[in-house]
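Quick look at start.cif (mmCIF, C-alpha atoms):
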```cif
data_model
loop_
_atom_site.label_atom_id
_atom_site.label_comp_id
_atom_site.auth_asym_id
_atom_site.auth_seq_id
_atom_site.Cartn_x
_atom_site.Cartn_y
_atom_site.Cartn_z
CA MET A 1 0.00 0.00 0.00
CA LYS A 2 1.51 3.33 -1.08
CA LYS A 3 1.69 6.01 1.62
CA THR A 4 0.50 9.53 0.82
CA ALA A 5 -0.44 12.71 2.65
CA ALA A 6 -3.17 13.46 0.13
CA ILE A 7 -5.80 11.33 -1.52
CA ALA A 8 -6.77 11.76 -5.14
CA VAL A 9 -10.16 10.58 -6.31
CA ILE A 10 -10.64 10.19 -10.06
CA MET A 11 -13.54 8.69 -11.96
CA SER A 12 -12.89 7.64 -15.55
CA MET A 13 -15.75 5.60 -16.91
CA THR A 14 -19.35 6.22 -17.93
CA MET A 15 -21.91 3.69 -16.76
CA ALA A 16 -24.50 2.38 -19.18
CA LEU A 17 -27.98 3.83 -18.69
CA THR A 18 -26.83 6.21 -15.94
CA ALA A 19 -24.45 8.94 -17.04
CA CYS A 20 -21.57 9.57 -14.67
CA THR A 21 -19.71 12.85 -15.01
CA ASN A 22 -16.11 12.51 -13.86
CA LEU A 23 -14.81 14.36 -10.85
CA ASN A 24 -11.99 16.67 -11.82
CA PRO A 25 -8.66 14.95 -11.06
CA SER A 26 -7.34 16.71 -7.98
CA THR A 27 -5.20 16.37 -4.89
CA TYR A 28 -6.72 17.49 -1.64
CA SER A 29 -4.80 19.51 0.96
CA LYS A 30 -4.23 18.12 4.42
CA ASP A 31 -5.19 21.61 5.70
CA LYS A 32 -8.68 21.50 4.16
CA ASP A 33 -11.21 23.29 6.37
CA SER A 34 -13.60 21.13 8.38
CA ASP A 35 -16.92 20.73 6.62
CA SER A 36 -19.30 20.90 9.58
CA ASN A 37 -22.38 21.46 7.39
CA ALA A 38 -21.93 18.44 5.17
CA HIS A 39 -25.38 17.11 6.01
CA ALA A 40 -26.99 20.02 4.21
CA TYR A 41 -26.10 18.40 0.90
CA ILE A 42 -27.60 14.97 1.54
CA ALA A 43 -30.47 14.38 -0.85
CA SER A 44 -34.06 13.54 -0.02
CA THR A 45 -33.76 14.07 3.72
CA THR A 46 -35.09 16.31 6.43
CA THR A 47 -32.32 18.13 8.28
CA ASP A 48 -34.37 20.67 10.22
CA THR A 49 -34.02 19.60 13.84
CA SER A 50 -36.38 22.19 15.31
CA VAL A 51 -39.14 20.42 17.17
CA VAL A 52 -42.70 20.81 18.39
CA ALA A 53 -42.42 19.30 21.84
CA ALA A 54 -44.69 21.19 24.25
CA ASN A 55 -48.14 20.58 22.75
CA PRO A 56 -49.81 19.78 19.41
CA GLU A 57 -50.13 23.46 18.51
CA GLY A 58 -46.35 23.95 18.40
CA THR A 59 -46.05 26.49 21.24
CA ASP A 60 -44.88 26.38 24.81
CA ALA A 61 -48.01 28.10 26.15
CA PRO A 62 -50.24 26.06 28.50
CA GLU A 63 -53.06 24.50 26.49
CA ASN A 64 -55.78 25.90 28.79
CA ASP A 65 -54.41 29.46 29.09
CA PRO A 66 -55.33 31.42 25.93
CA GLY A 67 -53.85 34.61 27.40
CA ALA A 68 -50.38 33.17 27.98
CA GLU A 69 -47.45 34.36 25.91
CA VAL A 70 -46.85 32.10 22.89
CA THR A 71 -43.29 31.37 21.75
CA PRO A 72 -42.15 28.78 19.19
CA VAL A 73 -40.40 25.66 20.44
CA THR A 74 -37.11 25.25 18.62
CA ASP A 75 -34.99 23.20 21.04
CA ASP A 76 -33.59 19.69 20.78
CA SER A 77 -35.58 18.27 23.69
CA TRP A 78 -36.51 15.24 21.60
CA LYS A 79 -32.86 14.13 21.81
CA GLU A 80 -33.01 14.17 25.61
CA ILE A 81 -36.26 12.19 25.57
CA TYR A 82 -34.82 9.47 23.33
CA ALA A 83 -31.54 9.32 25.28
CA ASP A 84 -33.39 8.93 28.57
CA TYR A 85 -35.61 6.21 27.13
CA LEU A 86 -32.65 4.26 25.70
CA GLU A 87 -30.70 4.42 28.94
CA ASN A 88 -33.51 3.87 31.43
CA HIS A 89 -36.63 2.35 29.88
CA MET A 90 -35.65 -0.21 27.23
CA ASP A 91 -36.71 -3.05 29.51
CA GLU A 92 -40.26 -2.13 28.46
CA ILE A 93 -39.31 -3.53 25.05
CA PHE A 94 -36.62 -6.11 25.69
CA GLY A 95 -37.28 -7.09 29.29
CA ASP A 96 -34.38 -7.99 31.54
CA ASP A 97 -33.10 -10.94 29.50
CA ASN A 98 -31.28 -9.17 26.66
CA ASP A 99 -28.40 -7.04 27.94
CA GLU A 100 -26.61 -6.88 24.55
CA TRP A 101 -29.32 -5.08 22.57
CA GLN A 102 -27.23 -1.92 22.31
CA TYR A 103 -24.52 -3.61 20.26
CA SER A 104 -26.27 -6.39 18.38
CA TRP A 105 -28.80 -4.06 16.69
CA THR A 106 -28.34 -1.16 14.25
CA TRP A 107 -29.80 2.31 14.78
CA GLY A 108 -30.99 5.28 12.78
CA PHE A 109 -33.62 8.00 12.32
CA ILE A 110 -36.39 8.35 9.76
CA TYR A 111 -39.16 10.92 9.30
CA VAL A 112 -42.62 9.32 9.20
CA ASN A 113 -44.86 12.25 10.13
CA ASP A 114 -44.16 15.96 9.60
CA ASP A 115 -43.66 17.21 13.18
CA LYS A 116 -39.89 17.64 12.61
CA ILE A 117 -39.14 15.06 15.31
CA PRO A 118 -37.56 11.97 13.72
CA GLU A 119 -38.61 8.44 14.51
CA LEU A 120 -35.86 6.14 15.83
CA VAL A 121 -35.46 2.71 14.21
CA LEU A 122 -33.75 -0.21 15.94
CA SER A 123 -33.11 -3.15 13.62
CA SER A 124 -32.17 -6.64 14.75
CA GLY A 125 -30.66 -7.39 11.33
CA TYR A 126 -32.36 -10.79 11.06
CA GLU A 127 -35.88 -11.56 9.92
CA ALA A 128 -37.17 -13.30 13.02
CA GLY A 129 -35.90 -10.44 15.21
CA GLY A 130 -37.74 -7.67 13.36
CA ASN A 131 -37.41 -3.96 14.12
CA VAL A 132 -38.50 -1.61 16.88
CA ILE A 133 -39.66 1.85 15.76
CA LEU A 134 -39.92 4.62 18.37
CA THR A 135 -41.77 7.92 18.06
CA ILE A 136 -42.30 10.90 20.39
CA VAL A 137 -45.76 12.40 20.82
CA ASN A 138 -46.46 15.08 23.44
CA GLY A 139 -43.10 14.40 25.06
CA GLN A 140 -43.79 10.67 25.46
CA VAL A 141 -42.22 7.70 23.66
CA ASP A 142 -44.41 5.17 21.88
CA PHE A 143 -43.23 2.21 19.82
CA ILE A 144 -44.22 -0.62 17.53
CA TYR A 145 -42.42 -3.95 17.11
CA THR A 146 -42.52 -4.95 13.45
CA ARG A 147 -43.28 -8.47 12.36
CA ARG A 148 -40.04 -9.48 10.61
CA LEU A 149 -37.76 -6.85 9.06
CA GLY A 150 -39.58 -5.49 6.03
CA PHE A 151 -41.14 -2.06 6.14
CA TYR A 152 -41.45 1.01 3.95
CA TYR A 153 -42.73 4.55 4.44
CA ASP A 154 -43.55 7.84 2.76
CA GLU A 155 -41.15 10.42 4.19
CA SER A 156 -43.14 13.00 6.21
CA GLY A 157 -46.36 11.57 4.73
CA ASN A 158 -47.32 9.90 8.06
CA VAL A 159 -47.78 6.38 6.71
CA LEU A 160 -45.62 3.35 7.51
CA VAL A 161 -46.27 -0.17 6.25
CA ASN A 162 -44.83 -3.31 7.83
CA SER A 163 -44.69 -5.57 4.78
CA ASP A 164 -43.04 -8.99 4.74
CA GLY A 165 -43.72 -12.72 4.70
CA HIS A 166 -42.35 -16.19 5.28
CA MET A 167 -43.09 -19.72 4.02
CA GLY A 168 -46.23 -18.89 2.09
CA VAL A 169 -47.70 -16.38 4.57
CA TYR A 170 -47.45 -12.67 3.69
CA PHE A 171 -48.81 -9.46 5.20
CA ASP A 172 -49.10 -5.66 5.02
CA TYR A 173 -49.83 -3.78 8.26
CA VAL A 174 -50.46 -0.05 7.80
CA TYR A 175 -49.72 2.49 10.58
CA THR A 176 -49.93 6.24 11.09
CA ILE A 177 -48.83 8.44 14.01
CA GLY A 178 -51.73 10.10 15.82
CA ASP A 179 -52.16 12.19 18.96
CA ASN A 180 -51.24 9.29 21.23
CA GLY A 181 -48.59 7.53 19.15
CA PHE A 182 -48.79 4.81 16.53
CA GLU A 183 -52.27 3.98 15.24
CA PHE A 184 -53.29 0.96 13.19
CA LEU A 185 -54.96 1.86 9.88
CA ALA A 186 -55.37 -1.42 8.01
CA SER A 187 -54.18 -5.00 7.84
CA GLY A 188 -53.81 -7.28 4.86
CA ASP A 189 -52.77 -10.92 4.68
CA TYR A 190 -52.37 -13.32 1.79
CA TYR A 191 -51.49 -16.98 1.65
CA ASP A 192 -50.28 -19.66 -0.69
CA ILE A 193 -53.16 -22.12 -1.02
CA TYR A 194 -52.04 -25.54 0.16
CA ASP A 195 -53.68 -28.81 -0.85
CA ASP A 196 -53.00 -31.83 1.40
CA GLU A 197 -52.78 -34.09 -1.62
CA ASN A 198 -50.84 -31.94 -4.11
CA GLY A 199 -49.04 -29.39 -1.92
CA TYR A 200 -48.96 -25.71 -2.87
CA THR A 201 -51.28 -24.95 -5.77
CA GLY A 202 -49.61 -21.75 -7.00
CA GLU A 203 -52.73 -19.74 -6.19
CA MET A 204 -53.21 -17.17 -3.42
CA GLU A 205 -56.00 -16.11 -1.06
CA TYR A 206 -56.21 -12.44 -0.03
CA TYR A 207 -57.77 -10.92 3.10
CA LEU A 208 -58.30 -7.35 4.29
CA GLY A 209 -58.93 -7.75 7.98
CA GLU A 210 -61.27 -10.74 8.15
CA GLN A 211 -62.79 -10.16 4.72
CA LYS A 212 -61.70 -12.27 1.78
CA VAL A 213 -61.09 -10.14 -1.32
CA SER A 214 -59.69 -10.48 -4.81
CA GLU A 215 -56.02 -9.79 -5.57
CA ALA A 216 -56.97 -6.56 -7.35
CA GLU A 217 -59.10 -5.36 -4.41
CA TYR A 218 -56.30 -6.17 -1.99
CA TYR A 219 -53.64 -4.14 -3.80
CA ASP A 220 -56.05 -1.29 -4.56
CA VAL A 221 -56.45 -0.77 -0.82
CA ILE A 222 -52.84 -1.35 0.30
CA GLU A 223 -51.33 0.77 -2.47
CA SER A 224 -53.78 3.60 -1.79
CA TYR A 225 -51.81 4.44 1.36
CA ILE A 226 -48.43 4.80 -0.40
CA PRO A 227 -48.12 4.38 -4.17
CA VAL A 228 -45.58 1.68 -4.97
CA GLU A 229 -43.24 4.00 -6.85
CA GLU A 230 -43.07 6.42 -3.87
CA ARG A 231 -42.06 3.86 -1.25
CA LEU A 232 -38.87 4.42 0.69
CA TYR A 233 -37.40 1.20 2.07
CA TRP A 234 -35.34 0.87 5.25
CA ALA A 235 -31.95 -0.65 4.52
CA ASP A 236 -29.62 -0.39 7.50
CA GLY A 237 -28.59 1.70 10.49
CA SER A 238 -25.56 3.02 12.34
CA THR A 239 -24.10 1.94 15.69
CA TYR A 240 -25.58 2.45 19.14
CA ASP A 241 -22.53 4.46 20.23
CA SER A 242 -22.94 6.91 17.34
CA VAL A 243 -26.64 7.42 18.01
CA ILE A 244 -26.41 7.77 21.80
CA ASN A 245 -23.47 10.19 21.53
CA TYR A 246 -25.43 12.22 19.01
CA LEU A 247 -28.48 12.34 21.27
CA LYS A 248 -26.37 13.39 24.27
CA GLY A 249 -24.47 16.08 22.37
CA ASN A 250 -21.10 14.31 22.39
CA VAL A 251 -20.23 15.38 18.86
CA TYR A 252 -17.29 16.74 16.84
CA ALA A 253 -16.68 20.16 15.35
CA GLY A 254 -15.49 18.75 12.01
CA TYR A 255 -15.43 15.61 9.92
CA ARG A 256 -11.68 14.99 10.30
CA GLU A 257 -11.92 14.46 14.05
CA ALA A 258 -15.01 12.27 13.66
CA TYR A 259 -13.43 10.10 10.96
CA LYS A 260 -10.21 9.80 12.96
CA GLU A 261 -12.21 8.19 15.77
CA VAL A 262 -13.47 5.59 13.27
CA ALA A 263 -9.93 4.90 12.04
CA ASP A 264 -8.63 4.63 15.61
CA GLU A 265 -11.16 1.90 16.40
CA TRP A 266 -9.38 -0.31 13.86
CA LEU A 267 -5.75 0.36 14.79
CA GLY A 268 -3.70 -2.82 14.76
CA THR A 269 -6.32 -4.74 12.76
CA ASP A 270 -5.28 -6.64 9.63
CA ASN A 271 -7.20 -6.54 6.32
CA VAL A 272 -8.95 -3.25 7.13
CA TYR A 273 -8.49 -0.27 4.81
CA LEU A 274 -9.96 3.21 4.66
CA ALA A 275 -10.27 5.88 1.96
CA LEU A 276 -11.27 9.52 2.26
CA ILE A 277 -13.40 11.08 -0.48
CA GLU A 278 -13.04 14.86 -0.52
CA SER A 279 -13.89 17.57 -3.01
CA ASP A 280 -14.49 21.31 -3.02
CA LYS A 281 -18.20 21.10 -3.85
CA ALA A 282 -19.44 18.13 -1.85
CA PRO A 283 -19.31 16.75 1.70
CA SER A 284 -16.42 14.52 2.69
CA TYR A 285 -16.94 10.79 3.21
CA LEU A 286 -14.97 7.94 4.72
CA VAL A 287 -15.00 4.50 3.08
CA LEU A 288 -14.07 1.49 5.21
CA ASP A 289 -13.39 -1.97 3.81
CA ASN A 290 -13.30 -4.85 6.26
CA ASN A 291 -12.45 -8.01 4.30
CA ASN A 292 -14.81 -7.20 1.40
CA TRP A 293 -17.59 -5.72 3.54
CA MET A 294 -17.59 -2.03 2.71
CA TYR A 295 -19.18 0.86 4.60
CA ILE A 296 -19.55 4.53 3.63
CA TYR A 297 -19.43 6.87 6.62
CA TYR A 298 -20.87 10.37 6.38
CA PHE A 299 -20.54 13.38 8.68
CA GLN A 300 -23.78 14.97 9.83
CA ASP A 301 -24.60 17.26 12.75
CA GLY A 302 -21.22 16.57 14.36
CA MET A 303 -21.22 12.77 14.13
CA ALA A 304 -19.72 10.15 11.82
CA PHE A 305 -22.69 7.93 10.96
CA ARG A 306 -22.23 4.58 9.24
CA GLY A 307 -24.18 4.25 6.01
CA GLU A 308 -25.20 1.26 3.94
CA ASP A 309 -22.95 -1.81 3.86
CA PHE A 310 -22.00 -3.51 0.60
CA TYR A 311 -20.47 -6.90 -0.07
CA LEU A 312 -18.00 -6.43 -2.89
CA SER A 313 -15.80 -8.80 -4.88
CA GLU A 314 -13.01 -8.06 -7.36
CA SER A 315 -15.57 -7.87 -10.16
CA SER A 316 -18.13 -5.59 -8.46
CA ASN A 317 -18.22 -1.91 -7.60
CA ILE A 318 -20.23 1.01 -6.24
CA PHE A 319 -20.99 4.26 -8.02
CA PHE A 320 -21.03 6.94 -5.34
CA TYR A 321 -22.36 10.49 -5.79
CA PRO A 322 -20.78 12.77 -3.14
CA GLU A 323 -23.04 15.76 -3.81
CA THR A 324 -26.18 13.82 -2.91
CA GLY A 325 -24.90 11.05 -0.64
CA VAL A 326 -26.34 8.40 -2.97
CA ALA A 327 -24.51 5.12 -3.51
CA GLU A 328 -25.75 3.15 -6.52
CA SER A 329 -25.05 -0.56 -6.88
CA PHE A 330 -26.44 -2.73 -9.64
CA TYR A 331 -26.84 -6.43 -10.26
CA LYS A 332 -27.27 -8.26 -13.53
CA SER A 333 -28.98 -11.58 -14.16
CA SER A 334 -28.37 -13.53 -17.35
CA TYR A 335 -31.42 -15.68 -16.62
CA ASP A 336 -33.85 -13.09 -17.89
CA MET A 337 -31.57 -10.29 -19.08
CA GLY A 338 -32.44 -8.40 -15.92
CA LEU A 339 -30.71 -5.29 -14.63
CA THR A 340 -31.59 -3.80 -11.23
CA TYR A 341 -30.21 -0.62 -9.69
CA TYR A 342 -30.35 -0.36 -5.89
CA ILE A 343 -30.04 3.31 -4.96
CA TYR A 344 -29.05 4.03 -1.36
CA SER A 345 -29.18 7.37 0.46
CA SER A 346 -28.27 8.07 4.09
CA ASN A 347 -29.52 10.48 6.72
CA MET A 348 -29.14 10.75 10.51
CA GLY A 349 -27.80 7.25 11.04
CA SER A 350 -30.18 5.59 8.60
CA SER A 351 -29.72 4.13 5.16
CA HIS A 352 -32.75 3.75 2.95
CA PHE A 353 -33.14 2.79 -0.68
CA SER A 354 -35.31 2.69 -3.74
CA TYR A 355 -34.67 0.72 -6.89
CA ALA A 356 -35.24 0.56 -10.61
CA GLY A 357 -35.25 -2.51 -12.84
CA ARG A 358 -35.20 -3.49 -16.48
CA SER A 359 -35.93 -7.05 -17.56
CA GLY A 360 -36.62 -8.99 -20.73
CA LYS A 361 -37.74 -12.55 -21.51
CA LEU A 362 -35.59 -15.05 -23.39
CA ASP A 363 -36.52 -17.87 -25.74
CA GLU A 364 -34.93 -21.30 -25.59
CA GLU A 365 -32.01 -20.12 -27.69
CA GLY A 366 -31.33 -17.14 -25.45
CA ASN A 367 -32.80 -14.50 -27.75
CA LEU A 368 -34.82 -11.60 -26.36
CA LEU A 369 -38.56 -11.82 -26.98
CA LYS A 370 -41.04 -9.04 -27.70
CA ASP A 371 -44.29 -8.78 -25.77
CA GLU A 372 -47.74 -8.37 -27.29
CA ASN A 373 -47.11 -4.65 -27.74
CA GLY A 374 -43.80 -5.14 -29.49
CA TYR A 375 -41.62 -4.15 -26.52
CA ILE A 376 -38.52 -6.06 -25.50
CA PHE A 377 -37.99 -4.78 -21.97
CA GLU A 378 -40.26 -4.22 -18.99
CA TYR A 379 -39.31 -1.30 -16.74
CA THR A 380 -40.10 -0.92 -13.03
CA VAL A 381 -39.51 1.59 -10.24
CA ASN A 382 -39.93 0.14 -6.74
CA GLY A 383 -41.85 -2.72 -8.28
CA ALA A 384 -44.35 -0.56 -10.21
CA LYS A 385 -44.37 -0.81 -14.01
CA VAL A 386 -43.28 2.42 -15.71
CA SER A 387 -42.50 3.55 -19.24
CA GLU A 388 -38.98 3.52 -20.63
CA MET A 389 -38.94 7.32 -20.37
CA GLU A 390 -40.07 7.27 -16.72
CA TYR A 391 -37.39 4.69 -15.98
CA ALA A 392 -34.70 6.84 -17.60
CA GLU A 393 -35.92 9.97 -15.78
CA TYR A 394 -35.78 8.12 -12.47
CA LEU A 395 -32.13 7.18 -13.03
CA ASP A 396 -31.28 10.62 -14.43
CA GLN A 397 -31.70 12.23 -11.01
CA TYR A 398 -28.48 10.50 -9.92
CA GLN A 399 -26.36 11.77 -12.79
CA GLY A 400 -23.44 14.04 -11.99
CA ASP A 401 -20.01 13.80 -10.45
CA CYS A 402 -19.39 10.35 -9.09
CA VAL A 403 -16.69 8.07 -7.75
CA GLU A 404 -16.30 4.43 -8.73
CA ILE A 405 -15.37 2.49 -5.60
CA LYS A 406 -13.82 -0.96 -5.86
CA VAL A 407 -12.24 -3.25 -3.28
CA PRO A 408 -8.76 -2.30 -2.04
CA GLY A 409 -6.07 -3.58 -4.37
CA ALA A 410 -8.34 -3.85 -7.41
CA GLU A 411 -6.25 -3.49 -10.55
CA ASP A 412 -8.04 -0.42 -11.94
CA SER A 413 -9.23 1.15 -8.67
CA LYS A 414 -9.54 4.94 -8.72
CA VAL A 415 -9.73 5.28 -4.93
CA GLU A 416 -6.64 4.88 -2.78
CA PHE A 417 -7.09 2.96 0.48
CA LEU A 418 -4.87 3.41 3.57
CA THR A 419 -4.36 1.28 6.65
CA PRO A 420 -6.04 2.47 9.87
CA GLU A 421 -2.65 3.72 11.08
CA GLU A 422 -2.04 5.67 7.88
CA MET A 423 -5.53 7.16 7.88
CA SER A 424 -5.34 8.14 11.55
CA ASP A 425 -2.01 9.85 10.90
CA TYR A 426 -3.36 11.65 7.84
CA LEU A 427 -6.43 12.93 9.66
CA SER A 428 -4.30 14.15 12.58
CA ARG A 429 -2.34 16.62 10.40
#
```
Would you encode the structure as structure tokens?
Amino acid sequence: MKKTAAIAVIMSMTMALTACTNLNPSTYSKDKDSDSNAHAYIASTTTDTSVVAANPEGTDAPENDPGAEVTPVTDDSWKEIYADYLENHMDEIFGDDNDEWQYSWTWGFIYVNDDKIPELVLSSGYEAGGNVILTIVNGQVDFIYTRRLGFYYDESGNVLVNSDGHMGVYFDYVYTIGDNGFEFLASGDYYDIYDDENGYTGEMEYYLGEQKVSEAEYYDVIESYIPVEERLYWADGSTYDSVINYLKGNVYAGYREAYKEVADEWLGTDNVYLALIESDKAPSYLVLDNNNWMYIYYFQDGMAFRGEDFYLSESSNIFFYPETGVAESFYKSSYDMGLTYYIYSSNMGSSHFSYAGRSGKLDEEGNLLKDENGYIFEYTVNGAKVSEMEYAEYLDQYQGDCVEIKVPGAEDSKVEFLTPEEMSDYLSR
């Protein structure tokens, strides 16, 4: 590994279907000013941390005193409420039997309703463990425990859907946040029909509540809450230490100090490498590779939060867009000429994603077939069928300066990785 006091990031290829404008080749000074407002550039997120904590009207006047002076509430009291709950009341969720929940789960914030107070997501990381989602209403914490991991939401639209399934049993549970916390709006379940003699029949039965309905009726109701193409899916979270330090105000003035702490955690560890992505017109990011598992850290509100994790091999890569905080990975399938883009964005400890796909059918000789309308490919956005133009427009929003990230040591890598010792030394200068 070549030592250097500056890291150059160069992008030199254009990706099919999604244009990728190269970053200007440059070398970044070790004296670069700290970018303490990096979070302001992260796309599709809510960064306003002012809150409405005193009462539903958004003032700190007593509800029953119309003559009292009214002043807006703009403090961070929601952070204190969450911190207190995490440190003193989690036995309401986990009981006394699980004393490792802080470190075996991942953590992050999302915005379900529009009260400017984020919801806090705790994810077990495995299907049977599910997630816990906390919210604050009138200064009190309420929570739901999701059935399995899958859920999606409409940011600030006040709808969240727990949607998942296992072994032929599937469900969609729809929630909103009301005056007293989470409220149940609707439930849907559908099942693979099983015949004792022949096994699964390939047909499904659909229910809304206790009422049996057709497939079309089922999806008309469920999709009326959040259109498929507008769904935002939870992907992953940060660490407990990052989130609790953020809530308690134990933060850094600049990204270099925050990223140095990350590098220092890995001092003396083999097969761990880090790269710093810096530019004059975008936030600065830290990339960490731990034996082919790769994480992108981002600096927001004084904390280094861990973003989405990727499993990379020598033949795979990530296209990362520093100006928006979007990391785009794609997977091809020769089985049906499929191509799917998974588009990840991070905010306040959370990673979430949407996706776009293009697929075509093959004949026995491997040739692409046309459908009844003469089209070769079918295009989707978050599972909803769209036109070729809508598909292209969806991907176009991620065009711009980008960085191609490959595993450390890749032959044509454009990003230089350092050891934890080298990175810690560099960030100390």
For the file shown, report as a ChimeraX atom specification the outcome of the PyMOL selection byres ((chain A and resi 121) around 9) at residue level. /A:106-110,119-120,122-123,131-134,237,350
Long-range neighbours of region 177-192 of chain A as a count of residues only, 9 Å cut-off, only C-alpha atoms, 3 positions minimum in chain: 38
Show which residues sit within 8 Å of region 247-262 of chain A, as a PyMOL selection string. Count only C-alpha atoms, and ignore same-chain residues fewer than 6 positions away. chain A and resi 34-36+79-80+82-83+284+286+299+301-304+423-424+427-428
Print the selection's residues with C-alpha atoms to a file, as a tab-separated table (two decimals), in the frame of the given file.
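Wrote out.tsv, looks like this:
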```
chain	number	residue	atom	x	y	z
A	34	SER	CA	-13.60	21.13	8.38
A	35	ASP	CA	-16.92	20.73	6.62
A	36	SER	CA	-19.30	20.90	9.58
A	79	LYS	CA	-32.86	14.13	21.81
A	80	GLU	CA	-33.01	14.17	25.61
A	82	TYR	CA	-34.82	9.47	23.33
A	83	ALA	CA	-31.54	9.32	25.28
A	284	SER	CA	-16.42	14.52	2.69
A	286	LEU	CA	-14.97	7.94	4.72
A	299	PHE	CA	-20.54	13.38	8.68
A	301	ASP	CA	-24.60	17.26	12.75
A	302	GLY	CA	-21.22	16.57	14.36
A	303	MET	CA	-21.22	12.77	14.13
A	304	ALA	CA	-19.72	10.15	11.82
A	423	MET	CA	-5.53	7.16	7.88
A	424	SER	CA	-5.34	8.14	11.55
A	427	LEU	CA	-6.43	12.93	9.66
A	428	SER	CA	-4.30	14.15	12.58
```
Specify as a ChimeraX atom specification each residue included when the PyMOL selection byres ((chain A and resi 309) around 9) is applied to this file. /A:236,293-296,306-308,310-311
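Of the listed residues (A:Cys402, A:Ile81, A:Val272, A:Ala356), A:Cys402 comes nearest to Thr324 (chain A); the distances count all atoms listed in the file.
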Selection dump of the PyMOL selection byres ((chain A and resi 289) around 12), as a PDB file with C-alpha atoms, keeping the file's coordinate frame:
```pdb
ATOM      1  CA  ALA A 263      -9.930   4.900  12.040  1.00  0.00           C
ATOM      2  CA  TRP A 266      -9.380  -0.310  13.860  1.00  0.00           C
ATOM      3  CA  THR A 269      -6.320  -4.740  12.760  1.00  0.00           C
ATOM      4  CA  ASP A 270      -5.280  -6.640   9.630  1.00  0.00           C
ATOM      5  CA  ASN A 271      -7.200  -6.540   6.320  1.00  0.00           C
ATOM      6  CA  VAL A 272      -8.950  -3.250   7.130  1.00  0.00           C
ATOM      7  CA  TYR A 273      -8.490  -0.270   4.810  1.00  0.00           C
ATOM      8  CA  LEU A 274      -9.960   3.210   4.660  1.00  0.00           C
ATOM      9  CA  ALA A 275     -10.270   5.880   1.960  1.00  0.00           C
ATOM     10  CA  LEU A 276     -11.270   9.520   2.260  1.00  0.00           C
ATOM     11  CA  LEU A 286     -14.970   7.940   4.720  1.00  0.00           C
ATOM     12  CA  VAL A 287     -15.000   4.500   3.080  1.00  0.00           C
ATOM     13  CA  LEU A 288     -14.070   1.490   5.210  1.00  0.00           C
ATOM     14  CA  ASN A 290     -13.300  -4.850   6.260  1.00  0.00           C
ATOM     15  CA  ASN A 291     -12.450  -8.010   4.300  1.00  0.00           C
ATOM     16  CA  ASN A 292     -14.810  -7.200   1.400  1.00  0.00           C
ATOM     17  CA  TRP A 293     -17.590  -5.720   3.540  1.00  0.00           C
ATOM     18  CA  MET A 294     -17.590  -2.030   2.710  1.00  0.00           C
ATOM     19  CA  TYR A 295     -19.180   0.860   4.600  1.00  0.00           C
ATOM     20  CA  ILE A 296     -19.550   4.530   3.630  1.00  0.00           C
ATOM     21  CA  TYR A 297     -19.430   6.870   6.620  1.00  0.00           C
ATOM     22  CA  ASP A 309     -22.950  -1.810   3.860  1.00  0.00           C
ATOM     23  CA  PHE A 310     -22.000  -3.510   0.600  1.00  0.00           C
ATOM     24  CA  TYR A 311     -20.470  -6.900  -0.070  1.00  0.00           C
ATOM     25  CA  LEU A 312     -18.000  -6.430  -2.890  1.00  0.00           C
ATOM     26  CA  SER A 313     -15.800  -8.800  -4.880  1.00  0.00           C
ATOM     27  CA  ILE A 405     -15.370   2.490  -5.600  1.00  0.00           C
ATOM     28  CA  LYS A 406     -13.820  -0.960  -5.860  1.00  0.00           C
ATOM     29  CA  VAL A 407     -12.240  -3.250  -3.280  1.00  0.00           C
ATOM     30  CA  PRO A 408      -8.760  -2.300  -2.040  1.00  0.00           C
ATOM     31  CA  GLY A 409      -6.070  -3.580  -4.370  1.00  0.00           C
ATOM     32  CA  VAL A 415      -9.730   5.280  -4.930  1.00  0.00           C
ATOM     33  CA  GLU A 416      -6.640   4.880  -2.780  1.00  0.00           C
ATOM     34  CA  PHE A 417      -7.090   2.960   0.480  1.00  0.00           C
ATOM     35  CA  LEU A 418      -4.870   3.410   3.570  1.00  0.00           C
ATOM     36  CA  THR A 419      -4.360   1.280   6.650  1.00  0.00           C
ATOM     37  CA  PRO A 420      -6.040   2.470   9.870  1.00  0.00           C
TER      38      PRO A 420
END
```
Between CA of Trp105 (chain A) and CA of Glu87 (chain A) lies a distance of 15.0 Å
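Nearest to Gly150 (chain A) of all the residues A:Glu328, A:Glu422, A:Glu127, A:Asp241 is A:Glu127, counting only C-alpha atoms.
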Step by step, gather every atom of region 218-222 of chain A that the file lists, find the box along x, y and z that holds them, add 3 Å on each side, and finally give centre and edge lengths in Å to one decimal, as AutoDock Vina command-line options.
```
--center_x -54.6 --center_y -3.5 --center_z -2.1 --size_x 9.6 --size_y 11.4 --size_z 10.9
```
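Our summary of the geometry notes that CA of Glu404 (chain A) is positioned 21.9 Å from CA of Arg358 (chain A).
With CA of Tyr398 (chain A) on one side and CA of Tyr344 (chain A) on the other, the separation reads 10.7 Å.
With all atoms listed in the file as the atoms that count, the residue of A:Gly157, A:Gly374, A:Pro283, A:Pro118 with the shortest distance to Asp76 (chain A) is A:Pro118.
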